[in-house]
Structures are given as structure tokens and as C-alpha cells.
$ cat model.cif   # mmCIF, C-alpha atoms
data_structure
loop_
_atom_site.label_atom_id
_atom_site.label_comp_id
_atom_site.auth_asym_id
_atom_site.auth_seq_id
_atom_site.Cartn_x
_atom_site.Cartn_y
_atom_site.Cartn_z
CA SER A 1423 15.21 -16.67 10.17
CA PHE A 1424 12.06 -18.41 8.98
CA PRO A 1425 9.68 -16.63 11.40
CA THR A 1426 11.13 -13.26 10.37
CA ARG A 1427 10.72 -14.10 6.71
CA ARG A 1428 7.15 -15.25 7.32
CA SER A 1429 6.22 -11.92 8.92
CA SER A 1430 7.68 -9.86 6.07
CA ASP A 1431 6.03 -12.14 3.48
CA LEU A 1432 2.62 -11.51 5.03
CA ILE A 1433 3.22 -7.77 4.95
CA TYR A 1434 4.36 -7.85 1.32
CA PHE A 1435 1.28 -9.91 0.52
CA VAL A 1436 -0.93 -7.06 1.75
CA VAL A 1437 0.98 -4.52 -0.36
CA ALA A 1438 0.73 -6.80 -3.40
CA ILE A 1439 -3.06 -7.02 -3.03
CA ALA A 1440 -3.19 -3.24 -2.67
CA LEU A 1441 -1.16 -2.77 -5.85
CA ASN A 1442 -3.30 -5.36 -7.63
CA PHE A 1443 -6.32 -3.11 -7.17
CA VAL A 1444 -4.67 -0.45 -9.32
CA ILE A 1445 -3.08 -2.75 -11.90
CA GLY A 1446 -5.92 -5.25 -12.11
CA TYR A 1447 -8.92 -2.90 -11.94
CA ALA A 1448 -7.72 0.51 -13.12
CA ARG A 1449 -5.27 -0.99 -15.64
CA ALA A 1450 -2.61 1.47 -14.48
CA LEU A 1451 0.94 0.17 -14.01
CA SER A 1452 1.86 1.88 -10.76
CA ILE A 1453 5.54 2.26 -9.83
CA HIS A 1454 4.84 4.37 -6.75
CA HIS A 1455 3.42 1.91 -4.23
CA ALA A 1456 6.76 1.54 -2.47
CA ALA A 1457 6.45 5.24 -1.60
CA LEU A 1458 2.95 4.71 -0.18
CA PHE A 1459 4.28 1.71 1.74
CA GLY A 1460 7.07 3.92 3.10
CA MET A 1461 4.57 6.65 3.95
CA GLY A 1462 2.93 4.22 6.33
CA ALA A 1463 6.27 3.22 7.85
CA PHE A 1464 7.28 6.80 8.55
CA THR A 1465 3.84 7.63 9.91
CA TYR A 1466 4.43 5.01 12.58
CA ALA A 1467 8.01 6.21 13.11
CA VAL A 1468 6.92 9.80 13.69
CA MET A 1469 3.91 9.01 15.86
CA ALA A 1470 5.72 6.43 18.00
CA SER A 1471 9.03 8.26 18.43
CA ARG A 1472 7.30 11.50 19.41
CA GLY A 1473 5.08 9.76 21.92
CA TRP A 1474 1.83 10.51 20.09
CA SER A 1475 0.81 6.87 19.78
CA ASN A 1476 2.41 3.49 19.21
CA ASP A 1477 -0.91 1.68 18.84
CA LEU A 1478 -0.92 -0.13 15.49
CA ILE A 1479 -4.60 0.55 14.89
CA VAL A 1480 -4.32 4.29 15.59
CA CYS A 1481 -1.15 4.63 13.51
CA GLY A 1482 -2.62 2.47 10.77
CA LEU A 1483 -5.70 4.66 10.50
CA ALA A 1484 -3.58 7.82 10.42
CA ALA A 1485 -1.30 6.38 7.73
CA ALA A 1486 -4.26 5.11 5.71
CA LEU A 1487 -5.89 8.56 5.79
CA LEU A 1488 -2.69 10.27 4.65
CA ALA A 1489 -1.93 7.78 1.87
CA GLY A 1490 -5.58 7.74 0.81
CA VAL A 1491 -5.52 11.49 0.20
CA VAL A 1492 -2.28 11.23 -1.79
CA SER A 1493 -3.68 8.33 -3.81
CA VAL A 1494 -6.86 10.24 -4.66
CA ILE A 1495 -4.73 13.09 -6.00
CA LEU A 1496 -2.79 10.59 -8.11
CA ALA A 1497 -6.08 9.13 -9.36
CA PHE A 1498 -7.15 12.52 -10.70
CA GLY A 1499 -3.80 12.74 -12.48
CA SER A 1500 -4.29 9.31 -14.04
CA LEU A 1501 -7.44 10.54 -15.76
CA ARG A 1502 -5.38 12.97 -17.82
CA ILE A 1503 -2.56 10.60 -18.66
CA SER A 1504 -2.47 6.87 -19.29
CA GLY A 1505 -0.26 4.08 -20.58
CA ASP A 1506 3.44 4.86 -20.78
CA TYR A 1507 2.86 8.44 -19.64
CA PHE A 1508 1.29 7.28 -16.39
CA ILE A 1509 4.18 4.87 -15.79
CA VAL A 1510 6.66 7.74 -16.17
CA ALA A 1511 4.60 9.99 -13.89
CA SER A 1512 4.25 7.21 -11.32
CA PHE A 1513 8.00 6.57 -11.41
CA ALA A 1514 8.64 10.30 -10.99
CA PHE A 1515 6.36 10.46 -7.94
CA GLN A 1516 8.12 7.46 -6.41
CA ALA A 1517 11.54 9.09 -6.83
CA PHE A 1518 10.33 12.50 -5.66
CA ALA A 1519 8.54 11.18 -2.56
CA ILE A 1520 11.48 9.13 -1.32
CA ASN A 1521 14.00 11.90 -2.00
CA ALA A 1522 11.76 14.41 -0.23
CA LEU A 1523 11.53 12.09 2.78
CA PHE A 1524 15.30 11.56 2.75
CA ASN A 1525 15.93 15.30 2.90
CA TRP A 1526 13.20 15.89 5.49
CA THR A 1527 15.55 14.77 8.25
CA SER A 1528 13.26 15.73 11.13
CA VAL A 1529 10.84 13.05 9.88
CA SER A 1530 13.05 10.42 8.24
CA GLY A 1531 16.31 10.81 10.13
CA GLY A 1532 18.16 11.27 6.84
CA ALA A 1533 20.63 8.58 5.83
CA ASN A 1534 20.50 6.87 9.22
CA GLY A 1535 16.72 6.62 9.37
CA ASP A 1536 14.59 6.43 12.51
CA TYR A 1537 16.05 3.78 14.82
CA GLY A 1538 14.91 2.32 18.12
CA LEU A 1539 11.20 2.78 17.57
CA PRO A 1540 9.03 1.93 20.58
CA THR A 1541 7.41 -1.48 20.83
CA PRO A 1542 3.96 -1.28 19.25
CA THR A 1543 0.72 -2.11 21.01
CA VAL A 1544 -2.77 -3.25 20.02
CA PHE A 1545 -5.55 -2.26 22.41
CA GLY A 1546 -2.93 -1.57 25.05
CA LEU A 1547 -1.27 -4.98 24.72
CA GLY A 1548 2.40 -4.99 23.72
CA VAL A 1549 3.38 -6.69 20.46
CA SER A 1550 6.95 -7.66 21.24
CA SER A 1551 7.47 -11.31 20.29
CA THR A 1552 7.90 -12.68 16.78
CA SER A 1553 4.84 -14.89 17.18
CA ALA A 1554 2.77 -11.83 18.14
CA TYR A 1555 3.97 -9.97 15.04
CA ILE A 1556 3.13 -12.97 12.87
CA ALA A 1557 -0.34 -13.11 14.42
CA VAL A 1558 -0.98 -9.39 13.77
CA ALA A 1559 0.43 -9.62 10.23
CA GLY A 1560 -1.69 -12.73 9.62
CA VAL A 1561 -4.84 -10.95 10.74
CA LEU A 1562 -4.06 -8.02 8.43
CA ALA A 1563 -3.28 -10.35 5.51
CA ILE A 1564 -6.39 -12.49 5.94
CA SER A 1565 -8.59 -9.41 6.42
CA THR A 1566 -7.13 -7.80 3.30
CA LEU A 1567 -7.62 -10.96 1.25
CA GLY A 1568 -11.17 -11.36 2.51
CA PHE A 1569 -11.93 -7.74 1.66
CA ALA A 1570 -10.43 -8.16 -1.83
CA ILE A 1571 -12.54 -11.27 -2.51
CA TRP A 1572 -15.68 -9.57 -1.22
CA LEU A 1573 -14.98 -6.47 -3.29
CA ARG A 1574 -14.41 -8.51 -6.44
CA ARG A 1575 -17.77 -10.26 -6.06
CA SER A 1576 -19.70 -7.12 -5.09
CA PRO A 1577 -21.63 -4.91 -7.55
CA TYR A 1578 -18.91 -2.28 -7.07
CA GLY A 1579 -16.28 -4.84 -8.01
CA ARG A 1580 -18.13 -5.73 -11.20
CA LEU A 1581 -18.13 -2.06 -12.11
CA LEU A 1582 -14.40 -1.90 -11.41
CA ARG A 1583 -13.74 -4.84 -13.75
CA ALA A 1584 -15.88 -3.20 -16.40
CA MET A 1585 -13.84 -0.01 -15.98
CA GLY A 1586 -10.65 -1.92 -16.71
CA ASP A 1587 -12.07 -3.91 -19.62
CA SER A 1588 -14.09 -1.23 -21.39
CA PRO A 1589 -14.29 2.22 -19.78
CA SER A 1590 -16.09 3.65 -22.82
CA ALA A 1591 -18.90 1.10 -22.44
CA LEU A 1592 -19.16 1.99 -18.77
CA LEU A 1593 -19.52 5.66 -19.65
CA THR A 1594 -22.17 4.83 -22.23
CA ALA A 1595 -24.12 2.97 -19.56
CA GLY A 1596 -24.10 6.11 -17.43
CA PHE A 1597 -21.49 5.18 -14.82
CA GLY A 1598 -18.75 7.65 -13.94
CA VAL A 1599 -15.20 6.38 -14.38
CA LEU A 1600 -13.84 9.19 -12.19
CA ARG A 1601 -15.56 8.02 -9.02
CA LEU A 1602 -14.57 4.40 -9.61
CA LYS A 1603 -10.94 5.20 -10.32
CA VAL A 1604 -10.65 7.56 -7.36
CA GLY A 1605 -12.16 4.88 -5.13
CA VAL A 1606 -9.84 2.08 -6.20
CA PHE A 1607 -6.73 4.28 -5.98
CA GLY A 1608 -7.76 5.42 -2.51
CA ILE A 1609 -8.39 1.89 -1.23
CA SER A 1610 -5.07 0.71 -2.68
CA GLY A 1611 -3.06 3.49 -1.07
CA MET A 1612 -4.72 3.02 2.32
CA LEU A 1613 -3.91 -0.70 2.41
CA ALA A 1614 -0.30 -0.15 1.34
CA ALA A 1615 0.22 2.44 4.08
CA ALA A 1616 -1.38 0.24 6.73
CA ALA A 1617 1.09 -2.50 5.80
CA GLY A 1618 3.92 0.03 6.06
CA VAL A 1619 2.97 0.81 9.65
CA LEU A 1620 3.28 -2.85 10.61
CA TYR A 1621 6.55 -3.17 8.69
CA ALA A 1622 8.25 -0.31 10.58
CA ALA A 1623 6.83 -1.49 13.90
CA TYR A 1624 8.16 -4.99 13.27
CA LEU A 1625 11.69 -3.90 12.34
CA GLY A 1626 11.86 -1.07 14.86
CA VAL A 1627 13.39 1.17 12.20
CA ALA A 1628 12.29 3.15 9.15
CA GLN A 1629 14.81 4.03 6.42
CA THR A 1630 14.08 5.70 3.11
CA GLY A 1631 16.43 3.35 1.27
CA THR A 1632 14.12 0.44 2.05
CA PHE A 1633 11.30 1.94 -0.02
CA ASP A 1634 13.23 2.83 -3.17
CA VAL A 1635 12.52 2.09 -6.83
CA SER A 1636 13.90 -1.45 -6.58
CA LEU A 1637 11.16 -2.33 -4.07
CA ALA A 1638 8.56 -0.66 -6.29
CA ILE A 1639 9.64 -2.83 -9.23
CA LEU A 1640 9.67 -5.94 -7.01
CA LEU A 1641 6.07 -5.26 -5.98
CA VAL A 1642 5.00 -4.89 -9.61
CA ALA A 1643 6.78 -8.16 -10.43
CA ILE A 1644 4.93 -9.94 -7.59
CA VAL A 1645 1.58 -8.80 -8.96
CA VAL A 1646 2.36 -9.47 -12.62
CA ILE A 1647 3.86 -12.92 -12.01
CA GLY A 1648 1.04 -13.84 -9.64
CA GLY A 1649 -1.52 -12.65 -12.15
CA THR A 1650 -3.17 -9.24 -12.31
CA GLY A 1651 -6.70 -9.34 -11.02
CA SER A 1652 -5.96 -12.47 -8.97
CA ASP A 1653 -5.75 -11.64 -5.27
CA ARG A 1654 -5.10 -15.14 -3.95
CA LYS A 1655 -2.27 -15.86 -6.39
CA SER A 1656 -0.31 -12.90 -5.03
CA VAL A 1657 0.61 -15.06 -2.03
CA VAL A 1658 2.71 -17.30 -4.30
#
$ encode --input "model.cif" --output "C-alpha cells"
Amino acid sequence: SFPTRRSSDLIYFVVAIALNFVIGYARALSIHHAALFGMGAFTYAVMASRGWSNDLIVCGLAAALLAGVVSVILAFGSLRISGDYFIVASFAFQAFAINALFNWTSVSGGANGDYGLPTPTVFGLGVSSTSAYIAVAGVLAISTLGFAIWLRRSPYGRLLRAMGDSPSALLTAGFGVLRLKVGVFGISGMLAAAAGVLYAAYLGVAQTGTFDVSLAILLVAIVVIGGTGSDRKSVV
């Protein structure tokens, strides 16, 4: 239905902005953001199904922390490899992460996935209707877009653009590329995972097949067609 499609579009919009940070600023063609997206979804599935928490904010923070750490590790790897080699490594991580989740049946539920996830809450209020999901997804999307615009116009954002355009000039000026790249990878992974939490909560199920390579390629296509470095055009 149209409301269902609108909710998923808002969530994909957040992931596209997250991926745009890596492609637009770090100039790294990432094929692994579907795995980070899925990491957020399964974080919610585990926390909610085990009764730890079904609060979207709590689960979102937990997922963002986990994906942020993974993304920082990937950022260090990107310093050693670039171009086609990074694409291959990113693709390999995507395939490995999803296969590892698939075989970790206590977390992912294997081929069947985690079904019947509890209804999520925000500050103790249940998010059960489609309109409520759209409202929460809209808040996340608008907040993400606002953050992306602010970051782009900030001094840190100007350094990020310089890193993508001419990293050697940035080094000559005395700025460290390592810290910038680690930062942008971390931010990107955290946003993708936060969107994954909302995605699993909305569907009430998390399956590894949803976050496969085809989704990773679709996300890259959204960013490239919309224009790398352009956050607002990703909504198209």
C-alpha cells in the first residue's frame, strides 16, 4: 500500500544519506552498507525478542554503537586499499557478514528469520499504527537530512570535501586524513544501523535475505543516480 511504501522510502532515504557520506566525502564505493543496515535490524530483533528493550531510541543507540565500531575498523582498512581493491573488500565484507548472520541461528533465526517481533515503543508510547511509523520515520529522515546539511556547511564538512577532492593537499596543510576518514565512516555506519532498527520494528521481522548484495547495489544506485555529495537529491 501507499502508506507502507512511504515508510520504507523514508527509511531507505536515511540509509542513502548515510552511504552518501562514504561515497561523496571519502570517495570510497561501499558495497557493504546493506550489512550495516541489517546489523541494525538484527540488533532490534535480538533486544526486543529477548525482552531487553523494544524502545526504538535505546535499540537505535545500541545498533549505532555496534555499527560505528565496525565502520571504524573498515575505515582503517580503507587507508591501506583504495579504488577497485576497496570495492572488492567491501563486497567481501557484505557477503561474509550476511552469511555469518545466516549461520548464527540464535541471532538471525536462520532461513526463517526472526518473526513476530514485539511492537516498538518511543518513551514508553507504543508505535503500532502505520501513521505512527511514518511519523517516526519522518522524524528520523528529517533529522538525518538536517544533520547532513549542517555537516556539509560546517568547517568539518569543508575538510571532508577537501579530503575527497585532494587528500594530498590536505596532508600538506597539516590535517590528518585518518581522523577524517574514520569519522565519516563511523557516522555513516551509525546512521545506517539506526535506520535498520526502524525497518525491523516496522516489519516485525528480520531476515538475512533482505540485506543481501542486491540491496547493497540498489543503495549504491540510489546515491549515484541522485548525485554523490548531494544529500537532498537522494530523496528522488
$ resolve_selection --input "model.cif" --expression "the PyMOL selection byres ((chain A and resi 1620) around 8)" --output "list of chain:residue names"
A:Ile1433, A:Ala1463, A:Leu1478, A:Gly1482, A:Ala1559, A:Ala1616, A:Ala1617, A:Gly1618, A:Val1619, A:Tyr1621, A:Ala1622, A:Ala1623, A:Tyr1624
$ residues_near_point --input "model.cif" --point "(-0.1, -3.7, -14.4)" --cutoff "8 Å" --atoms "only C-alpha atoms" --output "ChimeraX atom specification"
/A:1442,1444-1446,1449-1452,1642,1645-1646,1650
$ write_last_selection --input "model.cif" --atoms "C-alpha atoms" --output "PDB file, keeping the file's coordinate frame"
ATOM      1  CA  ASN A1442      -3.300  -5.360  -7.630  1.00  0.00           C
ATOM      2  CA  VAL A1444      -4.670  -0.450  -9.320  1.00  0.00           C
ATOM      3  CA  ILE A1445      -3.080  -2.750 -11.900  1.00  0.00           C
ATOM      4  CA  GLY A1446      -5.920  -5.250 -12.110  1.00  0.00           C
ATOM      5  CA  ARG A1449      -5.270  -0.990 -15.640  1.00  0.00           C
ATOM      6  CA  ALA A1450      -2.610   1.470 -14.480  1.00  0.00           C
ATOM      7  CA  LEU A1451       0.940   0.170 -14.010  1.00  0.00           C
ATOM      8  CA  SER A1452       1.860   1.880 -10.760  1.00  0.00           C
ATOM      9  CA  VAL A1642       5.000  -4.890  -9.610  1.00  0.00           C
ATOM     10  CA  VAL A1645       1.580  -8.800  -8.960  1.00  0.00           C
ATOM     11  CA  VAL A1646       2.360  -9.470 -12.620  1.00  0.00           C
ATOM     12  CA  THR A1650      -3.170  -9.240 -12.310  1.00  0.00           C
TER      13      THR A1650
END
$ atom_distance --input "model.cif" --atom1 "atom CA of A:Ala1456" --atom2 "atom CA of A:Ala1638"
4.8 Å
$ residues_around --input "model.cif" --residues "stretch 1538-1554 of chain A" --least-positions-apart "2" --cutoff "8 Å" --atoms "only C-alpha atoms" --output "PDB file with C-alpha atoms, in the frame of the given file"
ATOM      1  CA  PRO A1425       9.680 -16.630  11.400  1.00  0.00           C
ATOM      2  CA  THR A1426      11.130 -13.260  10.370  1.00  0.00           C
ATOM      3  CA  ALA A1467       8.010   6.210  13.110  1.00  0.00           C
ATOM      4  CA  ALA A1470       5.720   6.430  18.000  1.00  0.00           C
ATOM      5  CA  SER A1471       9.030   8.260  18.430  1.00  0.00           C
ATOM      6  CA  ASN A1476       2.410   3.490  19.210  1.00  0.00           C
ATOM      7  CA  ASP A1477      -0.910   1.680  18.840  1.00  0.00           C
ATOM      8  CA  LEU A1478      -0.920  -0.130  15.490  1.00  0.00           C
ATOM      9  CA  ILE A1479      -4.600   0.550  14.890  1.00  0.00           C
ATOM     10  CA  ASP A1536      14.590   6.430  12.510  1.00  0.00           C
ATOM     11  CA  ILE A1556       3.130 -12.970  12.870  1.00  0.00           C
ATOM     12  CA  ALA A1557      -0.340 -13.110  14.420  1.00  0.00           C
ATOM     13  CA  VAL A1558      -0.980  -9.390  13.770  1.00  0.00           C
ATOM     14  CA  ALA A1623       6.830  -1.490  13.900  1.00  0.00           C
ATOM     15  CA  GLY A1626      11.860  -1.070  14.860  1.00  0.00           C
ATOM     16  CA  VAL A1627      13.390   1.170  12.200  1.00  0.00           C
TER      17      VAL A1627
END
$ atom_distance --input "model.cif" --atom1 "atom CA of A:Ala1628" --atom2 "atom CA of A:Ser1530"
7.4 Å
$ residues_around --input "model.cif" --residues "A:Leu1602" --least-positions-apart "5" --cutoff "9 Å" --atoms "only C-alpha atoms" --output "ChimeraX atom specification"
/A:1448,1578,1581-1582,1585,1597,1607
$ closest_residue --input "model.cif" --among "A:Tyr1507, A:Phe1569, A:Phe1464, A:Phe1633" --to "A:Ala1440" --atoms "all atoms listed in the file"
A:Phe1569
$ resolve_selection --input "model.cif" --expression "the PyMOL selection byres ((chain A and resi 1637) around 10)" --output "list in words"
Ile1453, His1454, His1455, Ala1456, Ala1457, Phe1459, Gly1631, Thr1632, Phe1633, Asp1634, Val1635, Ser1636, Ala1638, Ile1639, Leu1640, Leu1641, Val1642 and Ala1643 of chain A
$ atom_distance --input "model.cif" --atom1 "atom CA of A:Tyr1555" --atom2 "atom CA of A:Arg1472"
22.2 Å
$ axis_aligned_box --input "model.cif" --around "stretch 1456-1469 of chain A" --padding-each-side "4 Å" --output "AutoDock Vina command-line options"
--center_x 5.5 --center_y 5.7 --center_z 6.7 --size_x 13.1 --size_y 16.3 --size_z 26.3
$ closest_residue --input "model.cif" --among "A:Ile1503, A:Ala1533, A:Leu1625, A:Ala1570" --to "A:Ala1438" --atoms "all atoms listed in the file"
A:Ala1570
$ resolve_selection --input "model.cif" --expression "the PyMOL selection byres ((chain A and resi 1495) around 12)" --output "VMD selection string"
chain A and resid 1488 to 1494 1496 to 1502 1512 1515 1600 1603 to 1605 1607 to 1608 1611
$ closest_residue --input "model.cif" --among "A:Arg1575, A:Cys1481, A:Gly1460, A:Gly1648" --to "A:Ala1522" --atoms "all atoms listed in the file"
A:Gly1460
